[in-house]
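S.K.: What follows is my_file-v6.csv, made up of CSV, C-alpha atoms:
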chain,number,residue,atom,x,y,z
A,1,MET,CA,0.0,0.0,0.0
A,2,THR,CA,1.5,3.4,-1.0
A,3,ASP,CA,1.6,6.5,1.2
A,4,GLN,CA,-1.1,8.1,-1.0
A,5,GLN,CA,-3.4,5.2,-0.5
A,6,ASN,CA,-2.8,5.4,3.3
A,7,GLN,CA,-4.0,9.0,3.5
A,8,GLY,CA,-7.4,9.4,5.1
A,9,GLN,CA,-7.5,5.9,6.4
A,10,PRO,CA,-7.4,5.1,10.2
A,11,ARG,CA,-4.2,3.4,11.3
A,12,LYS,CA,-5.1,-0.1,12.5
A,13,HIS,CA,-1.8,-1.3,13.9
A,14,GLY,CA,-2.6,-2.8,17.3
A,15,GLY,CA,0.5,-1.4,19.1
A,16,ASP,CA,0.0,2.1,17.8
A,17,THR,CA,-3.6,2.1,18.8
A,18,ASP,CA,-2.7,1.1,22.3
A,19,LEU,CA,0.1,3.6,22.6
A,20,HIS,CA,-2.2,6.4,21.4
A,21,ARG,CA,-4.9,5.4,23.8
A,22,ARG,CA,-2.4,5.5,26.7
A,23,GLN,CA,-1.0,8.9,25.4
A,24,ARG,CA,-4.6,10.3,25.2
A,25,GLY,CA,-5.2,9.2,28.8
A,26,LYS,CA,-2.1,11.0,30.0
A,27,ASN,CA,-2.9,14.1,28.0
A,28,LEU,CA,-6.4,14.2,29.6
A,29,ALA,CA,-4.9,13.7,33.0
A,30,VAL,CA,-2.5,16.6,32.5
A,31,LEU,CA,-5.5,18.7,31.3
A,32,ALA,CA,-7.5,17.8,34.4
A,33,ALA,CA,-4.5,18.6,36.6
A,34,LEU,CA,-4.1,22.0,35.0
A,35,PHE,CA,-7.8,22.9,35.4
A,36,ALA,CA,-7.7,21.7,39.0
A,37,PHE,CA,-4.6,23.9,39.7
A,38,ILE,CA,-6.4,26.9,38.2
A,39,ALA,CA,-9.5,26.2,40.3
A,40,ILE,CA,-7.4,25.8,43.4
A,41,ILE,CA,-5.6,29.1,42.8
A,42,TYR,CA,-9.0,30.8,42.2
A,43,VAL,CA,-10.6,29.4,45.4
A,44,VAL,CA,-7.6,30.1,47.5
A,45,ALA,CA,-7.5,33.7,46.2
A,46,MET,CA,-11.2,34.1,47.1
A,47,VAL,CA,-10.8,32.7,50.6
A,48,ARG,CA,-7.8,34.9,51.4
A,49,MET,CA,-9.3,38.0,49.9
A,50,SER,CA,-12.6,37.4,51.8
A,51,GLY,CA,-10.7,37.0,55.1
A,52,GLY,CA,-12.0,33.5,55.6
A,53,THR,CA,-15.7,34.2,55.0
A,54,PHE,CA,-15.8,32.6,51.5
A,55,PRO,CA,-17.9,30.9,50.4
B,1,MET,CA,24.3,-8.8,35.1
B,2,THR,CA,21.4,-10.9,36.4
B,3,ASP,CA,18.2,-11.7,34.6
B,4,SER,CA,16.3,-9.3,36.9
B,5,VAL,CA,18.4,-6.3,35.8
B,6,ILE,CA,16.8,-4.2,33.1
B,7,ALA,CA,19.1,-2.7,30.6
B,8,PRO,CA,19.9,1.0,31.2
B,9,GLU,CA,18.9,1.9,27.6
B,10,ILE,CA,15.4,0.6,28.3
B,11,MET,CA,15.1,2.6,31.5
B,12,ASP,CA,16.4,5.8,29.8
B,13,SER,CA,14.2,5.3,26.7
B,14,GLN,CA,12.4,8.4,25.5
B,15,VAL,CA,9.2,6.5,24.7
B,16,SER,CA,6.7,6.3,27.4
B,17,SER,CA,4.4,3.3,27.3
B,18,GLY,CA,3.1,3.8,30.8
B,19,THR,CA,-0.4,4.7,31.7
B,20,VAL,CA,-1.7,7.3,34.2
B,21,ARG,CA,-1.5,4.6,36.9
B,22,ASP,CA,2.2,4.2,36.3
B,23,TYR,CA,2.8,7.9,36.9
B,24,VAL,CA,0.7,7.7,40.1
B,25,ALA,CA,2.9,4.8,41.2
B,26,LEU,CA,5.9,7.1,40.9
B,27,LEU,CA,4.4,9.1,43.7
B,28,LYS,CA,4.7,6.1,46.1
B,29,PRO,CA,1.0,6.4,47.2
B,30,ARG,CA,1.4,4.1,50.3
B,31,VAL,CA,4.2,6.2,51.7
B,32,MET,CA,2.3,9.3,50.8
B,33,SER,CA,-0.8,8.2,52.9
B,34,LEU,CA,1.2,8.1,56.1
B,35,VAL,CA,3.0,11.3,55.3
B,36,VAL,CA,-0.4,13.0,54.6
B,37,PHE,CA,-1.9,11.6,57.8
B,38,SER,CA,0.9,12.8,60.0
B,39,GLY,CA,0.9,16.2,58.3
B,40,PHE,CA,-2.9,16.5,58.9
B,41,ALA,CA,-2.3,15.6,62.6
B,42,GLY,CA,0.1,18.5,62.8
B,43,MET,CA,-2.6,20.8,61.5
B,44,VAL,CA,-5.3,19.5,63.8
B,45,VAL,CA,-3.3,19.7,67.0
B,46,ALA,CA,-1.8,23.1,66.2
B,47,PRO,CA,-3.3,26.1,68.1
B,48,GLY,CA,-5.4,28.2,65.8
B,49,HIS,CA,-8.0,27.8,63.1
B,50,LEU,CA,-7.6,27.2,59.4
B,51,HIS,CA,-10.3,27.6,56.7
B,52,PRO,CA,-11.3,24.1,55.5
B,53,VAL,CA,-10.3,25.0,51.9
B,54,LEU,CA,-6.8,26.0,53.1
B,55,THR,CA,-6.6,22.8,55.2
B,56,MET,CA,-7.3,20.8,52.1
B,57,VAL,CA,-4.8,22.8,50.0
B,58,ALA,CA,-2.1,22.2,52.7
B,59,VAL,CA,-2.8,18.5,52.8
B,60,LEU,CA,-2.6,18.4,48.9
B,61,CYS,CA,0.7,20.3,49.0
B,62,ILE,CA,2.2,17.9,51.5
B,63,ALA,CA,0.9,14.9,49.5
B,64,LEU,CA,2.3,16.3,46.2
B,65,ALA,CA,5.7,17.3,47.5
B,66,SER,CA,6.0,13.9,49.2
B,67,GLY,CA,5.0,12.1,46.0
B,68,ALA,CA,7.3,14.3,43.9
B,69,ALA,CA,10.3,13.5,46.2
B,70,GLY,CA,9.4,9.8,45.7
B,71,ALA,CA,9.4,10.2,41.9
B,72,ILE,CA,12.9,11.9,42.0
B,73,ASN,CA,14.1,9.1,44.3
B,74,MET,CA,12.9,6.5,41.8
B,75,TRP,CA,14.7,8.4,39.0
B,76,TYR,CA,18.0,8.4,41.0
B,77,ASP,CA,17.7,4.9,42.3
B,78,ARG,CA,16.6,3.3,39.0
B,79,ASP,CA,19.8,1.2,38.8
B,80,ILE,CA,19.5,-0.4,42.2
B,81,ASP,CA,15.6,-0.6,42.0
B,82,ALA,CA,16.1,-2.9,39.0
B,83,MET,CA,18.3,-5.2,41.1
B,84,MET,CA,16.0,-5.5,44.1
B,85,GLU,CA,13.0,-7.8,44.2
B,86,ARG,CA,10.9,-5.3,46.3
B,87,THR,CA,11.4,-2.4,43.8
B,88,ALA,CA,12.0,-4.2,40.4
B,89,ARG,CA,8.3,-3.7,39.5
B,90,ARG,CA,8.5,0.0,39.8
B,91,PRO,CA,7.6,1.9,36.6
B,92,ILE,CA,11.1,3.0,35.6
B,93,PRO,CA,12.8,-0.4,36.0
B,94,GLN,CA,9.9,-1.9,34.1
B,95,GLY,CA,10.5,0.5,31.2
B,96,LEU,CA,7.0,2.0,31.5
B,97,VAL,CA,8.1,5.5,32.3
B,98,PRO,CA,11.3,7.0,30.8
B,99,ALA,CA,13.7,8.1,33.6
B,100,ASP,CA,13.9,11.7,32.4
B,101,GLU,CA,10.1,12.0,32.4
B,102,ALA,CA,10.0,10.8,36.0
B,103,LEU,CA,12.6,13.4,37.0
B,104,ALA,CA,10.7,16.2,35.2
B,105,PHE,CA,7.4,15.0,36.7
B,106,GLY,CA,9.0,15.2,40.2
B,107,ILE,CA,10.6,18.6,39.7
B,108,ILE,CA,7.4,20.2,38.4
B,109,LEU,CA,5.3,18.8,41.2
B,110,THR,CA,7.8,19.9,43.8
B,111,ILE,CA,7.9,23.5,42.5
B,112,ALA,CA,4.1,23.6,42.2
B,113,SER,CA,3.4,22.2,45.7
B,114,VAL,CA,6.0,24.5,47.4
B,115,THR,CA,4.8,27.5,45.6
B,116,LEU,CA,1.1,26.7,46.3
B,117,MET,CA,1.9,26.2,50.0
B,118,GLY,CA,3.6,29.6,50.1
B,119,LEU,CA,0.8,31.4,48.3
B,120,ALA,CA,-2.1,29.7,50.0
B,121,LEU,CA,-0.8,29.2,53.6
B,122,ASN,CA,2.5,30.8,54.5
B,123,TRP,CA,6.2,30.8,53.5
B,124,VAL,CA,7.4,29.1,56.8
B,125,ALA,CA,5.3,26.0,55.9
B,126,ALA,CA,6.5,26.3,52.3
B,127,GLY,CA,10.1,26.6,53.4
B,128,LEU,CA,9.8,23.5,55.6
B,129,LEU,CA,8.2,21.6,52.7
B,130,ALA,CA,11.1,22.6,50.4
B,131,LEU,CA,13.6,21.6,53.1
B,132,ALA,CA,11.9,18.2,53.6
B,133,SER,CA,11.9,17.5,49.9
B,134,GLY,CA,15.5,18.7,49.5
B,135,PHE,CA,16.6,16.6,52.5
B,136,TYR,CA,15.0,13.5,51.1
B,137,ILE,CA,16.4,14.0,47.6
B,138,PHE,CA,19.9,15.4,48.2
B,139,ILE,CA,20.8,14.3,51.8
B,140,TYR,CA,19.1,10.9,51.9
B,141,THR,CA,18.8,9.6,48.3
B,142,MET,CA,21.9,11.1,46.7
B,143,TRP,CA,24.4,11.3,49.6
B,144,LEU,CA,23.6,8.9,52.5
B,145,LYS,CA,21.7,6.0,51.1
B,146,ARG,CA,24.6,4.3,49.3
B,147,ARG,CA,27.4,5.4,51.6
B,148,THR,CA,26.5,4.7,55.3
B,149,PRO,CA,24.5,2.3,57.4
B,150,GLN,CA,23.2,5.4,59.2
B,151,ASN,CA,21.4,6.4,56.0
B,152,ILE,CA,17.9,6.0,57.3
B,153,VAL,CA,18.7,7.4,60.8
B,154,ILE,CA,19.8,10.8,59.4
B,155,GLY,CA,17.7,10.5,56.3
B,156,GLY,CA,14.7,9.7,58.4
B,157,ALA,CA,14.5,13.4,59.2
B,158,ALA,CA,12.9,14.0,55.8
B,159,GLY,CA,9.9,11.8,56.7
B,160,ALA,CA,9.6,13.5,60.1
B,161,PHE,CA,8.9,16.9,58.7
B,162,PRO,CA,5.2,16.5,57.8
B,163,PRO,CA,3.6,17.2,61.3
B,164,MET,CA,5.9,20.2,61.6
B,165,ILE,CA,4.8,21.4,58.2
B,166,GLY,CA,1.2,20.9,59.1
B,167,TRP,CA,1.7,22.8,62.4
B,168,ALA,CA,3.5,25.7,60.6
B,169,ALA,CA,0.7,25.8,58.0
B,170,VAL,CA,-1.7,26.8,60.8
B,171,THR,CA,0.6,28.9,63.1
B,172,GLY,CA,3.3,30.2,60.7
B,173,ASP,CA,6.0,29.1,63.2
B,174,VAL,CA,8.0,26.2,64.7
B,175,SER,CA,7.4,25.4,68.3
B,176,ILE,CA,8.5,22.8,70.9
B,177,ALA,CA,5.4,20.8,70.4
B,178,SER,CA,6.0,20.5,66.6
B,179,ILE,CA,9.6,19.6,67.2
B,180,VAL,CA,8.4,16.8,69.5
B,181,LEU,CA,6.1,15.5,66.8
B,182,PHE,CA,9.1,15.7,64.4
B,183,ALA,CA,11.3,13.8,66.9
B,184,LEU,CA,8.6,11.1,67.3
B,185,ILE,CA,8.8,10.2,63.6
B,186,PHE,CA,12.6,10.6,63.6
B,187,PHE,CA,13.1,8.0,66.3
B,188,TRP,CA,10.3,5.8,64.9
B,189,THR,CA,12.0,5.5,61.5
B,190,PRO,CA,15.1,3.4,62.3
B,191,PRO,CA,13.3,0.5,63.9
B,192,HIS,CA,10.7,0.6,61.2
B,193,PHE,CA,13.2,0.5,58.3
B,194,TRP,CA,15.6,-1.9,60.0
B,195,ALA,CA,12.8,-4.4,60.5
B,196,LEU,CA,12.2,-4.2,56.8
B,197,ALA,CA,16.0,-4.4,56.1
B,198,ILE,CA,16.3,-7.6,58.2
B,199,PHE,CA,13.9,-9.6,56.1
B,200,ARG,CA,15.0,-7.9,52.9
B,201,LYS,CA,18.7,-8.1,53.7
B,202,LEU,CA,19.6,-10.1,50.6
B,203,ASP,CA,17.9,-7.6,48.4
B,204,TYR,CA,19.9,-4.7,49.9
B,205,GLN,CA,23.1,-6.8,49.8
B,206,HIS,CA,22.6,-7.6,46.1
B,207,ALA,CA,22.1,-3.9,45.3
B,208,GLY,CA,25.1,-2.8,47.4
B,209,VAL,CA,23.0,-0.6,49.7
B,210,PRO,CA,24.8,-0.5,53.1
B,211,MET,CA,21.8,-1.1,55.4
B,212,LEU,CA,22.7,-1.8,59.0
B,213,PRO,CA,21.9,-5.6,58.8
B,214,VAL,CA,24.1,-5.9,55.7
B,215,VAL,CA,27.1,-4.0,57.2
B,216,ALA,CA,26.9,-4.7,61.0
B,217,GLY,CA,24.9,-7.9,61.1
B,218,GLU,CA,21.5,-8.8,62.3
B,219,ALA,CA,22.4,-9.0,66.0
B,220,GLU,CA,23.7,-5.4,66.1
B,221,THR,CA,20.7,-4.2,64.1
B,222,LYS,CA,18.2,-5.9,66.5
B,223,LYS,CA,20.0,-4.3,69.5
B,224,GLN,CA,19.8,-0.8,67.9
B,225,MET,CA,16.1,-1.4,67.1
B,226,LEU,CA,15.4,-2.1,70.8
B,227,ILE,CA,17.3,1.0,71.8
B,228,TYR,CA,15.3,3.2,69.5
B,229,THR,CA,12.0,1.8,70.7
B,230,LEU,CA,13.1,2.4,74.3
B,231,ILE,CA,13.9,6.1,73.4
B,232,LEU,CA,10.6,6.3,71.6
B,233,LEU,CA,8.5,5.2,74.6
B,234,PRO,CA,9.0,8.4,76.8
B,235,LEU,CA,9.1,10.6,73.7
B,236,ALA,CA,5.7,9.4,72.4
B,237,ILE,CA,4.2,10.1,75.8
B,238,SER,CA,5.6,13.7,75.9
B,239,PRO,CA,2.8,15.3,73.8
B,240,TYR,CA,0.5,14.7,76.8
B,241,PHE,CA,2.8,16.8,79.1
B,242,LEU,CA,3.0,19.5,76.4
B,243,GLY,CA,-0.7,19.8,76.3
B,244,ILE,CA,-1.3,18.6,72.7
B,245,GLY,CA,-2.4,15.1,73.8
B,246,GLY,CA,-5.1,14.2,76.4
B,247,LEU,CA,-5.6,11.2,78.7
B,248,THR,CA,-6.7,8.9,75.9
B,249,TYR,CA,-3.4,9.8,74.1
B,250,LEU,CA,-1.4,9.2,77.2
B,251,ALA,CA,-3.0,5.7,77.7
B,252,GLY,CA,-2.7,4.9,73.9
B,253,SER,CA,0.9,6.0,73.7
B,254,ILE,CA,1.9,3.9,76.7
B,255,ILE,CA,0.2,0.8,75.4
B,256,LEU,CA,1.5,1.3,71.8
B,257,GLY,CA,5.0,2.1,73.1
B,258,VAL,CA,5.2,-0.9,75.3
B,259,SER,CA,3.9,-3.1,72.5
B,260,PHE,CA,6.6,-1.7,70.2
B,261,VAL,CA,9.3,-2.5,72.7
B,262,ALA,CA,7.8,-6.0,73.1
B,263,PHE,CA,8.0,-6.5,69.3
B,264,ALA,CA,11.6,-5.4,69.4
B,265,VAL,CA,12.4,-7.9,72.2
B,266,GLN,CA,10.7,-10.6,70.1
B,267,VAL,CA,12.8,-9.7,67.1
B,268,GLN,CA,16.0,-9.8,69.2
B,269,ARG,CA,15.2,-13.2,70.7
B,270,SER,CA,14.4,-14.8,67.4
B,271,ASP,CA,16.7,-16.1,64.6
B,272,ASP,CA,13.7,-16.2,62.3
B,273,HIS,CA,12.6,-13.3,60.1
B,274,LYS,CA,8.9,-13.6,61.0
B,275,PRO,CA,9.1,-11.4,64.1
B,276,ALA,CA,10.8,-8.7,62.0
B,277,LYS,CA,8.0,-8.9,59.4
B,278,ARG,CA,5.4,-8.5,62.3
B,279,MET,CA,7.3,-5.6,63.8
B,280,PHE,CA,7.4,-3.8,60.4
B,281,ALA,CA,3.7,-4.2,60.0
B,282,PHE,CA,3.1,-3.1,63.6
B,283,SER,CA,5.4,-0.1,63.2
B,284,ILE,CA,3.0,1.3,60.6
B,285,LEU,CA,0.0,0.6,62.8
B,286,TYR,CA,1.8,2.2,65.7
B,287,LEU,CA,2.4,5.6,64.0
B,288,PHE,CA,-1.0,5.5,62.4
B,289,LEU,CA,-2.8,4.9,65.7
B,290,LEU,CA,-0.7,7.4,67.6
B,291,PHE,CA,-1.7,10.2,65.2
B,292,ALA,CA,-5.2,8.9,64.9
B,293,ILE,CA,-5.7,9.3,68.7
B,294,LEU,CA,-4.3,12.8,68.6
B,295,ILE,CA,-6.6,13.8,65.8
B,296,GLY,CA,-9.6,12.0,67.4
B,297,GLU,CA,-9.1,13.8,70.7
B,298,HIS,CA,-8.8,17.2,69.1
B,299,LEU,CA,-11.8,16.7,66.7
B,300,ALA,CA,-13.9,15.4,69.6
B,301,ALA,CA,-13.0,18.4,71.7
Transcribe the structure of this file into structure tokens.
M.R.:
Amino acid sequence: MTDQQNQGQPRKHGGDTDLHRRQRGKNLAVLAALFAFIAIIYVVAMVRMSGGTFP
Amino acid sequence: MTDSVIAPEIMDSQVSSGTVRDYVALLKPRVMSLVVFSGFAGMVVAPGHLHPVLTMVAVLCIALASGAAGAINMWYDRDIDAMMERTARRPIPQGLVPADEALAFGIILTIASVTLMGLALNWVAAGLLALASGFYIFIYTMWLKRRTPQNIVIGGAAGAFPPMIGWAAVTGDVSIASIVLFALIFFWTPPHFWALAIFRKLDYQHAGVPMLPVVAGEAETKKQMLIYTLILLPLAISPYFLGIGGLTYLAGSIILGVSFVAFAVQVQRSDDHKPAKRMFAFSILYLFLLFAILIGEHLAA
């Protein structure tokens, strides 16, 4: 199969698929960690600025 | 090279085939749980009040910094981890997480947790957190571990910091009471680790780590373990006299302390490794219960 024929077709190699699935899982975990960090900074800022009365 | 040794080029591979679970394993979750618990105890017994959100953030920072130090430890010790049965299944020796990624993971989490502690709580707590991480990585892992049988005696200080950090998160300072909580874990560490080193002696010998049973023999190690449990007995009672523990704590610390000494005596009298295994398991329960009583008393009050 040539490179041209490969274009637009999903890669079906088992190893690659598994590797990509794991990589996607890690990417999503990093994304979740970043969002969590932002949320923590926001809530901590609110608590400290409110003098402990937030929420 | 034995069959159990993983080739360095596999460990240093740039391709990560690990899952999120492997990265979590780098944080040594079981060690982290006791660290978090003792840090939380420091926060609960400290005089003063902390907003629940800030309490959770402080616990998170202690947990992350502890885990990050564990990840950097696994990066540095990947060669000997591959040789030891107990550690050969860790993500780096298994080739699941590239060594450089583990190091980067540890450094980023350390910086994030110390910074967050400083911004959310105070810089005394953040400084102590950084000191504990630095002590574990540079003093224990890189300097002492492979050089002296006193590695876990001096290096044990790193694991003793969490209650002091928790205390500082609330009060912003270091006091006699928090130093006593530090000392409690400091003197608990040698008998805890030496119990493990006795029944894992061959592992350490194989990896060339000079643990006390390997260098000085089991008889000397057992004698030292008994001495440390005897020092720990009055030390564990002292929080009662400093006003941070009540009568329940006094009774609990005496019972647990005497039991710990009894376990050490059993280990000393036996040529078998079973008492050492039992003592290792009990040592974890000992520290957990001691801090659980402290926390329980303060929350009940």
S.K.: For a quick test of understanding: name the residues of chain B lying within 10 Å of chain A when counting all atoms listed in the file, and present them as JSON, numbers by chain.
M.R.: {"B": [15, 16, 17, 18, 19, 20, 21, 23, 50, 51, 52, 53, 54, 57, 112, 116, 119, 120, 121]}
S.K.: Near Phe241 (chain B), within 12 Å and counting only C-alpha atoms, which residues show up once chain neighbours fewer than 4 positions away are dropped, as a ChimeraX atom specification?
M.R.: /B:176-177,180,234-237,245-247,249-250
S.K.: Could you list, as a PyMOL selection string, every residue within 7 Å of region 138-145 of chain B, counting all atoms listed in the file and ignoring same-chain residues fewer than 5 positions away?
M.R.: chain B and resi 73+151+155+209
S.K.: Using Å and a single decimal, report how far CA of Gly166 (chain B) sits from CA of Ala69 (chain B).
M.R.: 17.4 Å
S.K.: When you look at Lys201 (chain B) with a cut-off of 8 Å (counting all atoms listed in the file), what residues show up, excluding the ones that are within fewer than 6 positions of it in the same chain? I need them as a list in words.
M.R.: Met211, Pro213 and Val214 of chain B
S.K.: Ile92 (chain B): which residues within 10 Å, counting all atoms listed in the file, same-chain residues fewer than 4 positions away excluded, as a list in words?
M.R.: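 The residues that qualify are Ile6, Ile10, Met11, Asp12, Ser13, Ser16, Gly18, Asp22, Tyr23, Leu26, Ala71, Met74, Trp75, Asp77, Arg78, Asp79, Asp81, Ala82, Thr87, Ala88, Leu96, Val97, Pro98, Ala99, Asp100, Glu101 and Ala102 of chain B.
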S.K.: Work out how far apart CA of Ile107 (chain B) and CA of Gly134 (chain B) are and give it in Å to one decimal.
M.R.: 11.0 Å
S.K.: List the spatial neighbours of Ser178 (chain B) as a PyMOL selection string - criterion: any atom at most 6 Å away, only C-alpha atoms, same-chain residues fewer than 3 positions off excluded.
M.R.: chain B and resi 164+175+181
S.K.: Quick one: pull the distance between CA of Leu27 (chain B) and CA of Leu287 (chain B), Å, one decimal.
M.R.: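 Between CA of Leu27 (chain B) and CA of Leu287 (chain B) the gap is 20.7 Å.
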S.K.: Pick the closest to Lys28 (chain B) from B:Ile72, B:Ile284, B:Met43, B:Ala58: which is it, counting all atoms listed in the file?
M.R.: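 Counting all atoms listed in the file, the residue closest to Lys28 (chain B) is B:Ile72.
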